[in-house]
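Note sheet for the following structure.
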Amino acid sequence: MTERKPLPRGVWALGLVSLLMDLSSEMIHSLLPVFLVTVLGASALSVGIIEGVAEATSSIVKLFSGTLSDRIGRRKPLALLGYGMAAVTKPLFPLASSVAMVLAARFVDRVGKGIRGAPRDALVADLTPPEQRGAAYGLRQALDTVGAVLGPLAAMALMALSSDDVRLVFWVAALPAVLCVVVLALGVREPPGIPKARALHPIWTRAGLAGLGRPFWALVAVAVVMTLARFSEAFLVLRAQDVGLALALVPAVMVAMNVTYTVTAYPVGALSDRIGRHGLLLAGFAVLILSDAALALADGPLLVVIGAALWGVHMGMTQGLLAALVADGAPTDRRGTAFGVFNLVTGLALLAASVLAGALWSAIGPAATFWAGAGFSAAALLGLLLVRRGFPL
């Protein structure tokens, strides 16, 4: 049996960077939907629009930052800019006094995420040999999600100690964001010899589209179908509140989701390096159907927590694999562009899914939102099974 090589130190450092930023972000995001609804008086539809616009903004910016990293042949400076921007904007959340201010804060924060996202994801591939990419992206996702577990736990503890002072939690969340930038600046060395993309045609031209290759575009088609069946996790938090979970315990839903995400992502990524990725993607999508059904049927906190945990299993079985597939299928000198395009298209799909979820919630009720998600998931899974032989995954 061949001994597996350890993953490069730079991948571990990028994982720690993701952990710290997600710790900061989830301290805020685990309470933000409730803050919007109960403190600022926003509707569920407003929450869906804010979350969808925020993520779509991030995805659009990723396209340009990914392409720029290809042109200059460097990823780290753009990653530093994006993480630094996110750290600087964290204080906007505790200062917010209206829904518009929260939207502005989310917008600026997600611009920072967009700037760093594609260059960072491409940097993981630059640092990692092809036979370890599933494990590398799984590890980064796992460490990222450790931060997403610790964030809600820290939020819960601070809420209990401060008599539900949401704004105090938001202020404390700025600290790990600053530390994240320090770790990236000192702990990650960009590998030499990243090829610059020469004669890189604009992505909106026929030559630009063709330059990414048919396997990549097949993957994008699959990912869009998958994303349309999955809306913002903000609705998991709202569902917990809807069934009567105490405000201080609402972040426990995100803890449940992110614990299962954490323990699933790396093993699934490493397994995909050995047996392939497509079958694992299909299995992960089947888990999402079970998650939506549990959340739709929930009449108390237990089923909400179970549904959130299954949601995390789905994320762990799909997100790292999709990133590895992008790295596998994209030309080396267009890897940043490929990640940017992938995130743009799936981000727009997430915007549509989140707005639809908010509209269903407001017009019919919470159960309808999750039954619709289960229906989309089932349709997507059936479609993927029918066209399986046509996709080079």
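By order in the structure tokens, chains are A, B, ...; within a chain, residues start at 1; ligands start at 1, following the order shown.
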
Selection: 12 Å around Ala368 (chain A), only C-alpha atoms, excl. self and same-chain fewer than 4 positions, as a list in words: Arg239, Asp292, Ala293, Leu295, Ala296, Leu297, Ala298, Leu356, Ala357, Gly358, Ala359, Leu360, Trp361, Ser362, Ala363, Ile364, Ala372, Gly373, Ala374 and Gly375 of chain A

Shell around region 115-123 of chain A at 6 Å using only C-alpha atoms, local window under 3 positions removed, as a VMD selection string: chain A and resid 61 to 62 65 to 66 75 78 to 79 82 112 126 335 to 336 339 to 340

DSSP-assigned helix (DSSP H, G or I) members of region 134-234 of chain A, reported as a VMD selection string: chain A and resid 134 to 161 166 to 172 174 to 187 206 to 211 214 to 228 234

8 Å contact set for Val146 (chain A), only C-alpha atoms, chain neighbours under 5 positions out, as a VMD selection string: chain A and resid 19 23 258 to 259 262

Counting only C-alpha atoms, the option among A:Pro152, A:Pro192, A:Gly114, A:Pro8 closest to Thr128 (chain A): A:Pro8

Between CA of Leu139 (chain A) and CA of Gly320 (chain A), distance in Å (one decimal):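 So the answer is 8.4 Å.
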
Distance of CA of Ala177 (chain A) from CA of Arg230 (chain A), expressed in Å to one decimal place: 27.3 Å

Surrounding residues of Leu80 (chain A) excluding itself and chain neighbours under 6 positions, 8 Å, only C-alpha atoms, as a CSV table (one decimal) with C-alpha atoms, in the first residue's frame:
```csv
chain,number,residue,atom,x,y,z
A,116,ARG,CA,-10.1,36.7,-2.5
A,181,VAL,CA,-4.9,38.6,7.6
A,184,LEU,CA,-2.1,34.8,5.3
A,185,ALA,CA,0.6,37.5,5.1
```

Å distance separating CA of Val263 (chain A) from CA of Leu385 (chain A), one decimal place: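 These atoms are spaced 26.7 Å apart.
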
Pick from A:Val108, A:Ala135, A:Val225, A:Ile50, whichever lies nearest to Ala86 (chain A) using only C-alpha atoms: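 Answer, going by the shortest atom-to-atom distance: A:Val108.
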
Pick from A:Phe235, A:Phe64, A:Tyr261, A:Tyr137, whichever lies nearest to Pro33 (chain A) using only C-alpha atoms: A:Phe235

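Considering the residues A:Leu236, A:Val39, A:Val183, A:Val250 and counting only C-alpha atoms, Gly307 (chain A) has its shortest atom-to-atom contact with A:Leu236.
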
Residue neighbourhood Asp165 (chain A), 12 Å, only C-alpha atoms, exclusion window fewer than 3 positions, as a PDB file with N, CA and C atoms, in the first residue's frame:
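What landed in out-v3.pdb:
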```pdb
ATOM      1  N   LEU A  31     -26.467  35.031  13.755  1.00  0.00           N
ATOM      2  CA  LEU A  31     -27.457  35.880  14.416  1.00  0.00           C
ATOM      3  C   LEU A  31     -28.077  36.919  13.485  1.00  0.00           C
ATOM      4  N   PHE A  35     -31.471  39.082  13.864  1.00  0.00           N
ATOM      5  CA  PHE A  35     -31.251  40.510  14.096  1.00  0.00           C
ATOM      6  C   PHE A  35     -32.073  41.329  13.101  1.00  0.00           C
ATOM      7  N   VAL A  39     -34.977  42.765  15.399  1.00  0.00           N
ATOM      8  CA  VAL A  39     -34.486  44.083  15.828  1.00  0.00           C
ATOM      9  C   VAL A  39     -34.802  45.164  14.800  1.00  0.00           C
ATOM     10  N   PRO A  94     -22.149  45.838  13.665  1.00  0.00           N
ATOM     11  CA  PRO A  94     -22.693  46.341  14.931  1.00  0.00           C
ATOM     12  C   PRO A  94     -23.153  47.789  14.862  1.00  0.00           C
ATOM     13  N   ALA A 155     -20.849  32.835  19.513  1.00  0.00           N
ATOM     14  CA  ALA A 155     -22.000  33.748  19.540  1.00  0.00           C
ATOM     15  C   ALA A 155     -22.974  33.363  20.647  1.00  0.00           C
ATOM     16  N   MET A 156     -23.224  32.068  20.801  1.00  0.00           N
ATOM     17  CA  MET A 156     -24.134  31.606  21.851  1.00  0.00           C
ATOM     18  C   MET A 156     -23.594  31.957  23.235  1.00  0.00           C
ATOM     19  N   ALA A 157     -22.288  31.704  23.437  1.00  0.00           N
ATOM     20  CA  ALA A 157     -21.691  31.997  24.740  1.00  0.00           C
ATOM     21  C   ALA A 157     -21.761  33.487  25.057  1.00  0.00           C
ATOM     22  N   LEU A 158     -21.433  34.316  24.065  1.00  0.00           N
ATOM     23  CA  LEU A 158     -21.458  35.763  24.288  1.00  0.00           C
ATOM     24  C   LEU A 158     -22.888  36.265  24.494  1.00  0.00           C
ATOM     25  N   MET A 159     -23.849  35.676  23.780  1.00  0.00           N
ATOM     26  CA  MET A 159     -25.247  36.059  23.975  1.00  0.00           C
ATOM     27  C   MET A 159     -25.693  35.748  25.400  1.00  0.00           C
ATOM     28  N   ALA A 160     -25.284  34.576  25.913  1.00  0.00           N
ATOM     29  CA  ALA A 160     -25.674  34.195  27.273  1.00  0.00           C
ATOM     30  C   ALA A 160     -25.023  35.099  28.313  1.00  0.00           C
ATOM     31  N   LEU A 161     -23.765  35.459  28.076  1.00  0.00           N
ATOM     32  CA  LEU A 161     -23.030  36.281  29.043  1.00  0.00           C
ATOM     33  C   LEU A 161     -23.433  37.747  29.009  1.00  0.00           C
ATOM     34  N   SER A 162     -23.973  38.194  27.865  1.00  0.00           N
ATOM     35  CA  SER A 162     -24.267  39.622  27.696  1.00  0.00           C
ATOM     36  C   SER A 162     -25.754  39.931  27.683  1.00  0.00           C
ATOM     37  N   LEU A 168     -22.790  43.436  20.649  1.00  0.00           N
ATOM     38  CA  LEU A 168     -21.514  43.086  21.277  1.00  0.00           C
ATOM     39  C   LEU A 168     -20.876  41.894  20.573  1.00  0.00           C
ATOM     40  N   VAL A 169     -21.696  40.899  20.246  1.00  0.00           N
ATOM     41  CA  VAL A 169     -21.175  39.735  19.514  1.00  0.00           C
ATOM     42  C   VAL A 169     -20.563  40.181  18.187  1.00  0.00           C
ATOM     43  N   PHE A 170     -21.237  41.070  17.500  1.00  0.00           N
ATOM     44  CA  PHE A 170     -20.726  41.564  16.219  1.00  0.00           C
ATOM     45  C   PHE A 170     -19.391  42.288  16.382  1.00  0.00           C
ATOM     46  N   TRP A 171     -19.211  43.034  17.476  1.00  0.00           N
ATOM     47  CA  TRP A 171     -17.937  43.719  17.700  1.00  0.00           C
ATOM     48  C   TRP A 171     -16.804  42.721  17.934  1.00  0.00           C
ATOM     49  N   VAL A 172     -17.062  41.715  18.769  1.00  0.00           N
ATOM     50  CA  VAL A 172     -16.025  40.717  19.069  1.00  0.00           C
ATOM     51  C   VAL A 172     -15.615  39.958  17.805  1.00  0.00           C
ATOM     52  N   LEU A 247     -33.878  32.396  21.493  1.00  0.00           N
ATOM     53  CA  LEU A 247     -32.989  33.229  20.691  1.00  0.00           C
ATOM     54  C   LEU A 247     -31.518  32.902  20.946  1.00  0.00           C
ATOM     55  N   ALA A 248     -31.134  32.711  22.193  1.00  0.00           N
ATOM     56  CA  ALA A 248     -29.738  32.441  22.518  1.00  0.00           C
ATOM     57  C   ALA A 248     -29.275  31.095  21.991  1.00  0.00           C
TER      58      ALA A 248
END
```

Among listed residues A:Ser377, A:Ser163, A:Gln241, A:Ser25, nearest Thr227 (chain A) (using only C-alpha atoms):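 The shortest atom-to-atom distance to Thr227 (chain A) comes from A:Ser377.
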